[in-house]
file target-v4.csv (CSV, C-alpha atoms and all ligand atoms)
chain,number,residue,atom,x,y,z
A,1,MET,CA,-172.2,-67.6,160.6
A,2,GLU,CA,-169.0,-66.7,159.0
A,3,ASP,CA,-167.3,-69.9,160.2
A,4,VAL,CA,-169.9,-72.1,158.6
A,5,ALA,CA,-169.6,-70.2,155.4
A,6,GLY,CA,-165.9,-70.8,155.6
A,7,LEU,CA,-166.6,-74.5,155.9
A,8,ASP,CA,-167.7,-74.6,152.3
A,9,ASP,CA,-164.4,-73.1,151.1
A,10,LEU,CA,-162.6,-75.4,153.4
A,11,GLY,CA,-164.3,-78.5,151.9
A,12,SER,CA,-163.1,-77.7,148.4
A,13,SER,CA,-159.6,-76.6,149.5
A,14,LEU,CA,-159.2,-79.8,151.6
A,15,LEU,CA,-159.7,-81.8,148.5
A,16,GLU,CA,-156.9,-79.9,146.7
A,17,ALA,CA,-154.6,-80.0,149.6
A,18,HIS,CA,-151.4,-82.0,149.2
A,19,TRP,CA,-152.0,-84.1,152.2
A,20,ARG,CA,-151.9,-87.8,152.0
A,21,PHE,CA,-155.4,-89.2,151.9
A,22,ASP,CA,-155.4,-90.7,155.4
A,23,THR,CA,-153.9,-87.6,156.9
A,24,ARG,CA,-156.5,-85.6,155.2
A,25,MET,CA,-159.2,-87.8,156.6
A,26,THR,CA,-157.8,-87.6,160.1
A,27,TYR,CA,-157.4,-83.8,159.9
A,28,ASN,CA,-160.8,-83.4,158.4
A,29,ARG,CA,-162.4,-85.5,161.2
A,30,TRP,CA,-160.6,-83.6,164.0
A,31,PHE,CA,-161.4,-80.2,162.5
A,32,LYS,CA,-165.0,-81.2,162.5
A,33,VAL,CA,-164.8,-82.0,166.2
A,34,TRP,CA,-163.4,-78.5,166.7
A,35,LEU,CA,-166.2,-77.0,164.7
A,36,SER,CA,-168.8,-78.8,166.7
A,37,PHE,CA,-167.2,-77.6,169.9
A,38,CYS,CA,-167.2,-74.0,168.5
A,39,LEU,CA,-170.8,-74.2,167.6
A,40,VAL,CA,-171.8,-75.4,171.0
A,41,SER,CA,-169.5,-72.9,172.8
A,42,MET,CA,-170.5,-70.1,170.4
A,43,CYS,CA,-166.9,-69.2,169.7
A,44,SER,CA,-165.0,-68.6,166.5
A,45,ALA,CA,-163.6,-71.6,164.8
A,46,MET,CA,-161.4,-69.7,162.4
A,47,PRO,CA,-159.5,-67.7,163.4
A,48,ALA,CA,-159.5,-69.7,166.7
A,49,GLU,CA,-159.1,-67.7,169.9
A,50,GLU,CA,-156.4,-68.9,172.2
A,51,VAL,CA,-158.6,-69.1,175.2
A,52,TRP,CA,-161.2,-71.3,173.5
A,53,LEU,CA,-158.6,-73.5,171.8
A,54,THR,CA,-157.0,-74.0,175.2
A,55,ARG,CA,-160.3,-75.1,176.7
A,56,PHE,CA,-160.9,-77.4,173.7
A,57,LEU,CA,-157.5,-79.1,174.0
A,58,THR,CA,-157.9,-79.4,177.7
A,59,TYR,CA,-161.3,-81.1,177.2
A,60,LEU,CA,-159.7,-83.5,174.7
A,61,THR,CA,-156.9,-84.3,177.1
A,62,LEU,CA,-159.4,-85.7,179.5
A,63,GLY,CA,-160.6,-88.3,177.0
A,64,TYR,CA,-157.8,-89.0,174.6
A,65,ALA,CA,-154.1,-90.0,174.5
A,66,ALA,CA,-151.6,-87.2,174.3
A,67,ALA,CA,-150.7,-88.1,170.7
A,68,THR,CA,-154.3,-87.7,169.7
A,69,VAL,CA,-154.5,-84.3,171.2
A,70,GLN,CA,-151.4,-83.3,169.2
A,71,ILE,CA,-153.0,-84.6,166.0
A,72,CYS,CA,-156.1,-82.5,166.7
A,73,ALA,CA,-154.1,-79.4,167.4
A,74,CYS,CA,-152.2,-80.0,164.1
A,75,ALA,CA,-155.5,-80.4,162.3
A,76,VAL,CA,-156.8,-77.0,163.5
A,77,ALA,CA,-153.5,-75.4,162.6
A,78,ALA,CA,-153.3,-77.0,159.2
A,79,VAL,CA,-156.8,-75.8,158.2
A,80,HIS,CA,-156.0,-72.3,159.4
A,81,ARG,CA,-152.8,-72.3,157.3
A,82,LEU,CA,-154.8,-73.6,154.3
A,83,ASN,CA,-157.2,-70.7,154.6
A,84,GLY,CA,-154.6,-68.0,155.0
A,85,PHE,CA,-155.0,-67.5,158.7
A,86,ASP,CA,-152.2,-67.2,161.2
A,87,ASN,CA,-151.1,-70.3,163.1
A,88,PRO,CA,-153.5,-70.5,166.0
A,89,LEU,CA,-151.0,-72.5,168.1
A,90,THR,CA,-149.5,-69.6,170.1
A,91,PRO,CA,-146.3,-70.2,172.1
A,92,THR,CA,-148.5,-70.7,175.2
A,93,LEU,CA,-150.6,-73.4,173.4
A,94,LYS,CA,-147.4,-75.0,172.1
A,95,SER,CA,-145.9,-75.3,175.5
A,96,MET,CA,-149.2,-76.7,176.8
A,97,LEU,CA,-149.1,-79.4,174.2
A,98,LYS,CA,-145.6,-80.2,175.1
A,99,ALA,CA,-146.6,-80.4,178.8
A,100,ILE,CA,-149.4,-82.8,177.9
A,101,SER,CA,-147.0,-85.1,176.2
A,102,ALA,CA,-144.4,-84.8,178.9
A,103,VAL,CA,-146.6,-85.7,181.8
A,104,GLY,CA,-148.3,-88.4,179.8
A,105,MET,CA,-151.6,-86.8,180.8
A,106,CYS,CA,-154.3,-88.8,179.2
A,107,GLY,CA,-157.9,-89.9,179.6
A,108,THR,CA,-159.9,-93.1,179.6
A,109,ARG,CA,-159.3,-93.9,176.0
A,110,SER,CA,-155.6,-93.8,176.1
A,111,LYS,CA,-153.6,-96.9,175.5
A,112,LYS,CA,-151.8,-98.6,178.4
A,113,PHE,CA,-148.4,-97.3,179.2
A,114,ILE,CA,-145.4,-99.3,178.3
A,115,VAL,CA,-142.9,-100.8,180.7
A,116,ASP,CA,-139.8,-98.7,179.7
A,117,GLY,CA,-136.2,-98.5,180.7
A,118,SER,CA,-136.9,-96.4,183.8
A,119,PHE,CA,-139.6,-98.8,184.9
A,120,ILE,CA,-137.1,-101.7,184.8
A,121,VAL,CA,-134.4,-99.7,186.6
A,122,ALA,CA,-136.8,-98.6,189.4
A,123,MET,CA,-138.2,-102.1,189.8
A,124,CYS,CA,-134.8,-103.9,189.9
A,125,SER,CA,-133.2,-101.4,192.2
A,126,ALA,CA,-136.2,-101.5,194.6
A,127,PHE,CA,-136.0,-105.3,194.5
A,128,LEU,CA,-132.3,-105.4,195.2
A,129,GLU,CA,-132.6,-103.0,198.0
A,130,GLU,CA,-134.9,-105.5,199.8
A,131,TYR,CA,-133.3,-108.7,198.6
A,132,PRO,CA,-129.6,-108.1,197.7
A,133,VAL,CA,-129.0,-111.8,197.4
A,134,PHE,CA,-131.2,-114.9,197.2
A,135,ASP,CA,-132.1,-116.3,200.6
A,136,ALA,CA,-134.5,-119.3,200.4
A,137,ASP,CA,-135.9,-118.6,203.9
A,138,ARG,CA,-137.3,-115.3,202.7
A,139,PHE,CA,-139.3,-116.9,199.9
A,140,ASP,CA,-141.4,-119.5,201.5
A,141,PRO,CA,-144.9,-120.1,200.1
A,142,THR,CA,-146.1,-121.8,203.3
A,143,VAL,CA,-145.7,-118.7,205.3
A,144,SER,CA,-149.0,-116.8,205.2
A,145,VAL,CA,-148.8,-113.0,204.9
A,146,GLN,CA,-151.3,-110.3,205.6
A,147,SER,CA,-150.3,-107.6,203.2
A,148,ASP,CA,-148.6,-107.1,199.8
A,149,GLU,CA,-145.4,-105.8,201.4
A,150,GLY,CA,-144.7,-109.2,202.8
A,151,ARG,CA,-145.5,-111.2,199.7
A,152,SER,CA,-141.9,-111.8,198.8
A,153,ILE,CA,-142.8,-114.5,196.3
A,154,MET,CA,-145.2,-112.3,194.4
A,155,TRP,CA,-142.6,-109.6,194.0
A,156,LEU,CA,-139.9,-112.1,193.0
A,157,ARG,CA,-142.1,-113.8,190.4
A,158,ALA,CA,-143.3,-110.5,189.1
A,159,VAL,CA,-139.7,-109.3,188.5
A,160,ALA,CA,-139.0,-112.5,186.7
A,161,MET,CA,-142.2,-112.2,184.5
A,162,ILE,CA,-141.6,-108.5,183.7
A,163,LEU,CA,-137.9,-108.9,182.8
A,164,LEU,CA,-138.5,-112.0,180.7
A,165,GLY,CA,-141.7,-110.6,179.2
A,166,LEU,CA,-139.9,-107.4,178.2
A,167,GLU,CA,-136.9,-109.1,176.7
A,168,ILE,CA,-138.9,-111.5,174.6
A,169,GLY,CA,-141.8,-109.2,174.0
A,170,ALA,CA,-144.2,-111.8,175.4
A,171,ARG,CA,-148.0,-111.7,175.5
A,172,ALA,CA,-149.6,-112.5,178.8
A,173,GLY,CA,-150.9,-115.8,177.5
A,174,GLU,CA,-147.4,-116.8,176.4
A,175,ILE,CA,-146.2,-116.1,180.0
A,176,THR,CA,-148.8,-118.4,181.5
A,177,ARG,CA,-148.0,-121.3,179.2
A,178,MET,CA,-144.3,-121.3,179.9
A,179,THR,CA,-142.7,-124.3,181.6
A,180,VAL,CA,-139.1,-124.5,182.9
A,181,CYS,CA,-138.0,-126.5,180.0
A,182,CYS,CA,-138.8,-123.5,177.7
A,183,TRP,CA,-135.5,-122.1,179.0
A,184,GLN,CA,-132.8,-123.5,176.9
A,185,ALA,CA,-129.3,-122.4,177.7
A,186,ARG,CA,-126.8,-122.4,174.9
A,187,ASP,CA,-123.1,-122.8,174.7
A,188,ASP,CA,-122.4,-119.2,173.9
A,189,GLY,CA,-124.0,-118.0,177.2
A,190,SER,CA,-127.2,-116.9,175.5
A,191,VAL,CA,-130.6,-118.5,176.2
A,192,TYR,CA,-133.2,-119.6,173.7
A,193,VAL,CA,-136.7,-119.2,175.2
A,194,LEU,CA,-139.3,-121.4,173.6
A,195,VAL,CA,-142.6,-119.5,173.3
A,196,HIS,CA,-145.9,-121.2,172.9
A,197,LEU,CA,-147.9,-118.8,170.8
A,198,ALA,CA,-151.0,-117.5,172.4
A,199,LYS,CA,-152.1,-116.1,169.1
A,200,ASN,CA,-151.9,-117.3,165.5
A,201,GLY,CA,-150.3,-120.4,166.8
A,202,LYS,CA,-149.8,-123.3,164.5
A,203,ASN,CA,-149.3,-126.8,165.6
A,204,GLY,CA,-145.8,-128.0,165.3
A,205,GLU,CA,-144.3,-124.6,164.7
A,206,LEU,CA,-141.2,-123.8,166.6
A,207,SER,CA,-141.2,-120.3,168.0
A,208,GLY,CA,-139.1,-118.4,170.5
A,209,ALA,CA,-136.7,-115.6,171.2
A,210,VAL,CA,-133.1,-115.3,172.2
A,211,LEU,CA,-131.9,-113.6,175.4
A,212,VAL,CA,-128.4,-112.2,175.6
A,213,ARG,CA,-126.2,-112.3,178.7
A,214,GLY,CA,-125.3,-109.0,180.2
A,215,GLU,CA,-122.0,-108.1,181.7
A,216,GLY,CA,-121.5,-108.8,185.4
A,217,ASP,CA,-124.1,-109.9,187.9
A,218,PHE,CA,-127.8,-109.0,188.1
A,219,LYS,CA,-127.0,-105.9,190.2
A,220,ASP,CA,-124.9,-104.7,187.3
A,221,ASN,CA,-127.0,-105.5,184.3
A,222,TYR,CA,-130.7,-105.9,185.3
A,223,SER,CA,-131.0,-108.7,182.7
A,224,ALA,CA,-133.4,-111.6,182.6
A,225,ILE,CA,-130.6,-114.2,182.4
A,226,SER,CA,-128.9,-112.9,185.5
A,227,PHE,CA,-132.1,-112.6,187.5
A,228,PHE,CA,-133.2,-116.1,186.6
A,229,GLU,CA,-129.8,-117.6,187.4
A,230,GLU,CA,-129.2,-115.7,190.7
A,231,PHE,CA,-132.7,-115.5,192.1
A,232,TYR,CA,-135.5,-117.2,190.2
A,233,PHE,CA,-134.1,-120.7,189.5
A,234,PRO,CA,-132.6,-121.0,193.0
A,235,PHE,CA,-136.1,-120.1,194.3
A,236,LEU,CA,-137.8,-122.7,192.1
A,237,ARG,CA,-135.2,-125.3,193.1
A,238,SER,CA,-135.8,-124.5,196.8
A,239,GLN,CA,-139.4,-125.4,196.2
A,240,GLY,CA,-138.5,-128.6,194.5
A,241,LEU,CA,-139.6,-127.3,191.1
A,242,GLY,CA,-137.7,-127.8,187.9
A,243,LEU,CA,-137.2,-130.1,185.0
A,244,SER,CA,-138.8,-133.5,185.1
A,245,LYS,CA,-137.3,-136.7,183.9
A,246,LYS,CA,-140.5,-137.2,181.9
A,247,CYS,CA,-139.9,-134.0,180.0
A,248,ILE,CA,-141.3,-134.5,176.5
A,249,LEU,CA,-139.5,-131.6,174.8
A,250,SER,CA,-136.8,-133.7,173.2
A,251,LYS,CA,-139.5,-135.7,171.5
A,252,PHE,CA,-142.1,-133.0,170.8
A,253,ARG,CA,-140.2,-129.8,170.5
A,254,THR,CA,-143.2,-127.5,170.3
A,255,ALA,CA,-145.6,-129.1,172.8
A,256,VAL,CA,-146.5,-127.5,176.1
A,257,CYS,CA,-144.7,-129.9,178.4
A,258,PRO,CA,-147.0,-131.5,181.0
A,259,ALA,CA,-144.2,-133.0,183.0
A,260,CYS,CA,-142.0,-130.1,183.9
A,261,SER,CA,-143.0,-127.4,186.4
A,262,PRO,CA,-144.7,-124.2,185.2
A,263,MET,CA,-142.2,-121.3,184.9
A,264,PHE,CA,-144.5,-119.0,186.9
A,265,PRO,CA,-146.3,-121.2,189.4
A,266,VAL,CA,-148.9,-120.2,192.0
A,267,TRP,CA,-149.5,-122.1,195.2
A,268,PRO,CA,-152.9,-123.2,196.4
A,269,HIS,CA,-154.3,-120.9,199.0
A,270,SER,CA,-155.1,-123.5,201.6
A,271,LYS,CA,-152.9,-126.4,202.4
A,272,SER,CA,-155.4,-127.9,204.8
A,273,LYS,CA,-157.9,-129.0,202.2
A,274,GLY,CA,-155.4,-131.4,200.7
A,275,GLU,CA,-154.8,-129.2,197.7
A,276,SER,CA,-151.3,-129.9,196.5
A,277,GLY,CA,-149.1,-128.9,193.7
A,278,VAL,CA,-148.7,-125.7,191.9
A,279,LYS,CA,-150.6,-124.3,189.0
A,280,PRO,CA,-149.4,-122.0,186.2
A,281,ILE,CA,-150.2,-118.4,186.8
A,282,ALA,CA,-153.4,-116.9,185.2
A,283,VAL,CA,-153.5,-114.0,182.8
A,284,SER,CA,-155.2,-111.8,185.4
A,285,GLN,CA,-152.3,-112.4,187.8
A,286,VAL,CA,-149.8,-111.4,185.1
A,287,THR,CA,-151.7,-108.1,184.8
A,288,SER,CA,-151.9,-107.6,188.5
A,289,SER,CA,-148.1,-108.2,188.9
A,290,VAL,CA,-147.3,-105.4,186.5
A,291,LYS,CA,-149.8,-103.1,188.3
A,292,LYS,CA,-148.3,-104.0,191.7
A,293,TRP,CA,-144.8,-103.0,190.6
A,294,ALA,CA,-146.1,-99.9,188.9
A,295,THR,CA,-147.7,-98.8,192.2
A,296,ARG,CA,-144.6,-99.7,194.2
A,297,ILE,CA,-142.3,-97.5,192.0
A,298,GLY,CA,-144.7,-94.6,192.2
A,299,ARG,CA,-146.6,-94.9,189.0
A,300,ASP,CA,-150.4,-95.0,188.4
A,301,ALA,CA,-151.3,-98.7,188.2
A,302,SER,CA,-154.4,-98.1,186.1
A,303,ASN,CA,-152.1,-97.1,183.2
A,304,TYR,CA,-150.5,-100.6,183.1
A,305,SER,CA,-151.5,-104.0,182.2
A,306,ALA,CA,-149.9,-107.2,181.0
A,307,ILE,CA,-149.7,-105.8,177.4
A,308,SER,CA,-147.4,-103.1,178.8
A,309,PHE,CA,-144.3,-105.2,178.6
A,310,ARG,CA,-144.9,-106.5,175.1
A,311,ARG,CA,-145.6,-103.0,173.9
A,312,GLY,CA,-142.7,-101.7,175.9
A,313,SER,CA,-140.4,-104.3,174.3
A,314,VAL,CA,-141.4,-103.4,170.8
A,315,SER,CA,-141.2,-99.6,171.5
A,316,LEU,CA,-137.8,-99.8,173.1
A,317,ALA,CA,-136.5,-101.9,170.2
A,318,ALA,CA,-138.0,-99.6,167.6
A,319,ALA,CA,-136.5,-96.6,169.4
A,320,ALA,CA,-133.1,-98.3,169.4
A,321,LYS,CA,-133.6,-98.7,165.6
A,322,VAL,CA,-133.7,-102.5,165.6
A,323,ASP,CA,-134.6,-103.6,162.1
A,324,ARG,CA,-138.3,-104.3,161.6
A,325,ASN,CA,-137.7,-107.8,160.4
A,326,ILE,CA,-135.7,-108.6,163.5
A,327,ARG,CA,-138.4,-107.1,165.7
A,328,LYS,CA,-141.1,-109.1,163.9
A,329,ARG,CA,-139.2,-112.3,164.2
A,330,HIS,CA,-138.2,-111.7,167.9
A,331,CYS,CA,-141.8,-110.8,168.9
A,332,ARG,CA,-143.4,-113.5,166.8
A,333,TRP,CA,-145.5,-111.1,164.8
A,334,LYS,CA,-147.6,-112.0,161.9
A,335,GLY,CA,-149.4,-109.9,159.4
A,336,GLU,CA,-153.1,-109.7,160.0
A,337,ALA,CA,-154.1,-110.4,156.5
A,338,THR,CA,-151.3,-112.5,155.2
A,339,GLN,CA,-149.9,-115.6,156.8
A,340,ASP,CA,-146.4,-114.4,156.0
A,341,ILE,CA,-143.4,-116.5,157.0
A,342,TYR,CA,-140.8,-114.6,158.9
A,343,THR,CA,-137.6,-114.1,157.0
A,344,GLU,CA,-134.9,-116.0,158.8
A,345,VAL,CA,-132.5,-114.0,160.8
A,346,SER,CA,-128.9,-115.0,161.2
A,347,ALA,CA,-127.2,-115.9,164.5
A,348,PRO,CA,-125.7,-112.4,165.1
A,349,GLU,CA,-129.1,-110.9,164.1
A,350,GLU,CA,-131.0,-112.8,166.7
A,351,LYS,CA,-129.0,-111.1,169.4
A,352,VAL,CA,-129.5,-107.6,168.1
A,353,TYR,CA,-132.8,-107.2,169.8
A,354,GLY,CA,-131.6,-108.2,173.2
A,355,LEU,CA,-128.5,-106.2,173.0
A,356,ALA,CA,-130.5,-103.1,172.0
A,357,LEU,CA,-132.7,-103.5,175.0
A,358,ARG,CA,-129.8,-104.0,177.3
A,359,LYS,CA,-128.2,-100.8,176.1
A,360,THR,CA,-131.4,-98.8,176.6
A,361,ILE,CA,-131.9,-100.1,180.1
A,362,LEU,CA,-128.4,-99.4,181.1
A,363,LYS,CA,-128.8,-95.9,179.7
A,364,SER,CA,-131.9,-95.3,181.8
A,365,ARG,CA,-129.9,-96.5,184.8
A,366,ALA,CA,-127.0,-94.1,184.1
A,367,ALA,CA,-129.5,-91.3,183.7
A,368,ARG,CA,-131.2,-92.2,187.0
A,369,GLY,CA,-127.9,-92.2,188.7
A,370,LYS,CA,-127.4,-88.6,187.7
A,371,ASN,CA,-130.8,-87.6,189.0
A,372,VAL,CA,-130.1,-89.2,192.3
A,373,LYS,CA,-126.9,-87.3,192.7
A,374,PHE,CA,-128.7,-84.1,191.8
A,375,PHE,CA,-131.4,-84.8,194.4
A,376,ASP,CA,-128.8,-85.6,197.1
A,377,PHE,CA,-127.1,-82.3,196.3
A,378,GLN,CA,-130.3,-80.4,196.7
A,379,THR,CA,-131.2,-81.8,200.1
B,1,ZN,ZN,-140.5,-130.3,180.0

call {"tool": "encode", "arguments": {"input": "target-v4.csv", "output": "structure tokens"}}
result
Amino acid sequence: MEDVAGLDDLGSSLLEAHWRFDTRMTYNRWFKVWLSFCLVSMCSAMPAEEVWLTRFLTYLTLGYAAATVQICACAVAAVHRLNGFDNPLTPTLKSMLKAISAVGMCGTRSKKFIVDGSFIVAMCSAFLEEYPVFDADRFDPTVSVQSDEGRSIMWLRAVAMILLGLEIGARAGEITRMTVCCWQARDDGSVYVLVHLAKNGKNGELSGAVLVRGEGDFKDNYSAISFFEEFYFPFLRSQGLGLSKKCILSKFRTAVCPACSPMFPVWPHSKSKGESGVKPIAVSQVTSSVKKWATRIGRDASNYSAISFRRGSVSLAAAAKVDRNIRKRHCRWKGEATQDIYTEVSAPEEKVYGLALRKTILKSRAARGKNVKFFDFQT
């Protein structure tokens, strides 16, 4: 078989190629997958035929993330180039690859999607459509409801979790451990949020992130600070939840406070059995909150989980070119191998992250406004 003979040439030329070692390993591995596919399908591996390469990439799309399919296509193209063949990625194939990325088509091994700017915009505007202002009567945990639509508290709490989770890049475990005293308003209008590390946590280590205040009200800025001030804290207060006089934070700055109410409480299902008091939300409920909102704004819930807002946070900040050190500090990252200490960031720097996120979300909102106009015009 000519292709197998070509493999030997390929083996030696790969070693001489000027690819970085890890790139070479990746390309090599993916090219081997293509070869196996060709052997089974009895088609030519090199030069690749468009029809077979299309089938192969379609097949990969069912099981891998869009980025992985791209890498594989690049691997096949690179090995062709190395062997003096024409680029097998025809214009048709290239536009197919573009389409795979654009629609986010991906299979079971793909990573969870991120909560991005347009997710936030869709969620906040859907919420405001239903609840333009806070009205305590509409958020009553003693009223039993039959369906998700009526679960006003679930929607409210989920917006609070997602906004705060995104702005501080929280892990689900960190969301569940939060108490109302973790919210520490500062004189300049910003808020320091104390975060109890769910991972790599050390006793006595102070850790948290800074939220920045957006301009105007929640309807103008979709920010965590505005949402908490206008909707979420009034709701908690209406339920008699808040800071306790026995709060221990002034004495033990990094302890999980047992006296104050949980930031994200859940109510016992049945009142009749004498169950009283709220409990902090569980990780599984953090996940289901993200999924519920994903579904409500027309996205596929299976692509989302609690990690989506942490990953979204980091991705948005990276895309907005926030310095890596600031990202690391803000999201309480540590090197896997080294217990490195974060470099201190200055007071203006600690707001860079929040400002970048705010800008990105407002940009998504402006873009969405344009789409809506266009749609109205069409109909
Ligand atoms: Zn407390």

call {"tool": "closest_residue", "arguments": {"input": "target-v4.csv", "among": "A:Ala136, A:Leu357, A:Ala301, A:Val180", "to": "ligand ZN 1 (chain B)", "atoms": "only C-alpha atoms and all ligand atoms"}}
result
A:Val180

call {"tool": "residues_near_ligand", "arguments": {"input": "target-v4.csv", "ligand": "ligand ZN 1 (chain B)", "cutoff": "9 Å", "atoms": "only C-alpha atoms and all ligand atoms", "output": "list in words"}}
result
Thr179, Val180, Cys181, Cys182, Gly242, Leu243, Ser244, Lys245, Lys246, Cys247, Ile248, Leu249, Ser250, Ala255, Val256, Cys257, Pro258, Ala259, Cys260 and Ser261 of chain A

call {"tool": "residues_around", "arguments": {"input": "target-v4.csv", "residues": "Lys351 of chain A", "least_positions_apart": "6", "cutoff": "10 Å", "atoms": "only C-alpha atoms", "output": "count of residues only"}}
result
9

call {"tool": "closest_residue", "arguments": {"input": "target-v4.csv", "among": "A:Lys363, A:Arg138, A:Lys32, A:Lys251", "to": "Val76 of chain A", "atoms": "only C-alpha atoms"}}
result
A:Lys32

call {"tool": "residues_around", "arguments": {"input": "target-v4.csv", "residues": "Ala77 of chain A", "least_positions_apart": "4", "cutoff": "7 Å", "atoms": "only C-alpha atoms", "output": "list in words"}}
result
Ala73, Arg81, Asn87, Pro88 and Leu89 of chain A

call {"tool": "closest_residue", "arguments": {"input": "target-v4.csv", "among": "A:Val278, A:Ile100, A:Val290, A:Leu62", "to": "Arg310 of chain A", "atoms": "all atoms listed in the file"}}
result
A:Val290

call {"tool": "residues_near_point", "arguments": {"input": "target-v4.csv", "point": "(-146.8, -111.1, 187.0)", "cutoff": "10 Å", "atoms": "all atoms listed in the file", "output": "list in words"}}
result
Met154, Trp155, Leu156, Arg157, Ala158, Val159, Ala160, Met161, Ile162, Gly165, Ala172, Ile175, Thr176, Phe264, Ile281, Ala282, Val283, Ser284, Gln285, Val286, Thr287, Ser288, Ser289, Val290, Lys291, Lys292, Trp293, Ser305 and Ala306 of chain A

call {"tool": "closest_residue", "arguments": {"input": "target-v4.csv", "among": "A:Val133, A:Met263, A:Val69, A:Ala45", "to": "Ser226 of chain A", "atoms": "only C-alpha atoms"}}
result
A:Val133

call {"tool": "closest_residue", "arguments": {"input": "target-v4.csv", "among": "A:Thr92, A:Ser364, A:Ser223, A:Asn325", "to": "Val352 of chain A", "atoms": "all atoms listed in the file"}}
result
A:Asn325

call {"tool": "residues_around", "arguments": {"input": "target-v4.csv", "residues": "Ile71 of chain A", "least_positions_apart": "6", "cutoff": "10 Å", "atoms": "only C-alpha atoms", "output": "JSON list (two decimals) with C-alpha atoms, in the frame of the given file"}}
result
[["chain", "number", "residue", "atom", "x", "y", "z"],
["A", 23, "THR", "CA", -153.90, -87.60, 156.90],
["A", 26, "THR", "CA", -157.80, -87.60, 160.10],
["A", 27, "TYR", "CA", -157.40, -83.80, 159.90],
["A", 30, "TRP", "CA", -160.60, -83.60, 164.00],
["A", 77, "ALA", "CA", -153.50, -75.40, 162.60]]

call {"tool": "residues_near_point", "arguments": {"input": "target-v4.csv", "point": "(-147.4, -116.1, 173.3)", "cutoff": "9 Å", "atoms": "all atoms listed in the file", "output": "PyMOL selection string"}}
result
chain A and resi 169-178+195-199+201+331-332

call {"tool": "atom_distance", "arguments": {"input": "target-v4.csv", "atom1": "atom CA of Phe227 of chain A", "atom2": "atom CA of Tyr131 of chain A"}}
result
11.8 Å

call {"tool": "atom_distance", "arguments": {"input": "target-v4.csv", "atom1": "atom CA of Leu355 of chain A", "atom2": "atom CA of Gly214 of chain A"}}
result
8.4 Å

call {"tool": "decode", "arguments": {"input": "target-v4.csv", "residues": "segment 351-365 of chain A", "atoms": "N, CA and C atoms", "output": "PDB file, in the first residue's frame"}}
result
ATOM      1  N   LYS A 351      -8.925  46.065  40.480  1.00  0.00           N
ATOM      2  CA  LYS A 351     -10.197  46.380  39.825  1.00  0.00           C
ATOM      3  C   LYS A 351     -10.161  46.125  38.325  1.00  0.00           C
ATOM      4  N   VAL A 352      -8.964  45.842  37.819  1.00  0.00           N
ATOM      5  CA  VAL A 352      -8.814  45.658  36.374  1.00  0.00           C
ATOM      6  C   VAL A 352      -9.705  44.532  35.873  1.00  0.00           C
ATOM      7  N   TYR A 353      -9.728  43.457  36.632  1.00  0.00           N
ATOM      8  CA  TYR A 353     -10.472  42.266  36.228  1.00  0.00           C
ATOM      9  C   TYR A 353     -11.968  42.575  36.087  1.00  0.00           C
ATOM     10  N   GLY A 354     -12.508  43.167  37.156  1.00  0.00           N
ATOM     11  CA  GLY A 354     -13.935  43.485  37.156  1.00  0.00           C
ATOM     12  C   GLY A 354     -14.295  44.475  36.059  1.00  0.00           C
ATOM     13  N   LEU A 355     -13.433  45.460  35.835  1.00  0.00           N
ATOM     14  CA  LEU A 355     -13.707  46.465  34.811  1.00  0.00           C
ATOM     15  C   LEU A 355     -13.720  45.840  33.422  1.00  0.00           C
ATOM     16  N   ALA A 356     -12.786  44.909  33.201  1.00  0.00           N
ATOM     17  CA  ALA A 356     -12.705  44.251  31.896  1.00  0.00           C
ATOM     18  C   ALA A 356     -13.963  43.431  31.630  1.00  0.00           C
ATOM     19  N   LEU A 357     -14.431  42.736  32.673  1.00  0.00           N
ATOM     20  CA  LEU A 357     -15.647  41.929  32.523  1.00  0.00           C
ATOM     21  C   LEU A 357     -16.858  42.815  32.234  1.00  0.00           C
ATOM     22  N   ARG A 358     -16.915  43.925  32.969  1.00  0.00           N
ATOM     23  CA  ARG A 358     -18.035  44.846  32.804  1.00  0.00           C
ATOM     24  C   ARG A 358     -18.113  45.332  31.360  1.00  0.00           C
ATOM     25  N   LYS A 359     -16.944  45.693  30.833  1.00  0.00           N
ATOM     26  CA  LYS A 359     -16.865  46.213  29.473  1.00  0.00           C
ATOM     27  C   LYS A 359     -17.332  45.157  28.464  1.00  0.00           C
ATOM     28  N   THR A 360     -16.871  43.927  28.671  1.00  0.00           N
ATOM     29  CA  THR A 360     -17.220  42.848  27.742  1.00  0.00           C
ATOM     30  C   THR A 360     -18.726  42.598  27.744  1.00  0.00           C
ATOM     31  N   ILE A 361     -19.310  42.610  28.939  1.00  0.00           N
ATOM     32  CA  ILE A 361     -20.750  42.322  29.042  1.00  0.00           C
ATOM     33  C   ILE A 361     -21.556  43.443  28.381  1.00  0.00           C
ATOM     34  N   LEU A 362     -21.122  44.686  28.610  1.00  0.00           N
ATOM     35  CA  LEU A 362     -21.836  45.805  27.990  1.00  0.00           C
ATOM     36  C   LEU A 362     -21.694  45.780  26.472  1.00  0.00           C
ATOM     37  N   LYS A 363     -20.559  45.290  26.010  1.00  0.00           N
ATOM     38  CA  LYS A 363     -20.343  45.155  24.569  1.00  0.00           C
ATOM     39  C   LYS A 363     -21.321  44.130  23.987  1.00  0.00           C
ATOM     40  N   SER A 364     -21.455  42.993  24.680  1.00  0.00           N
ATOM     41  CA  SER A 364     -22.401  41.956  24.236  1.00  0.00           C
ATOM     42  C   SER A 364     -23.802  42.528  24.187  1.00  0.00           C
ATOM     43  N   ARG A 365     -24.092  43.376  25.171  1.00  0.00           N
ATOM     44  CA  ARG A 365     -25.418  43.945  25.261  1.00  0.00           C
ATOM     45  C   ARG A 365     -25.676  44.892  24.093  1.00  0.00           C
TER      46      ARG A 365
END
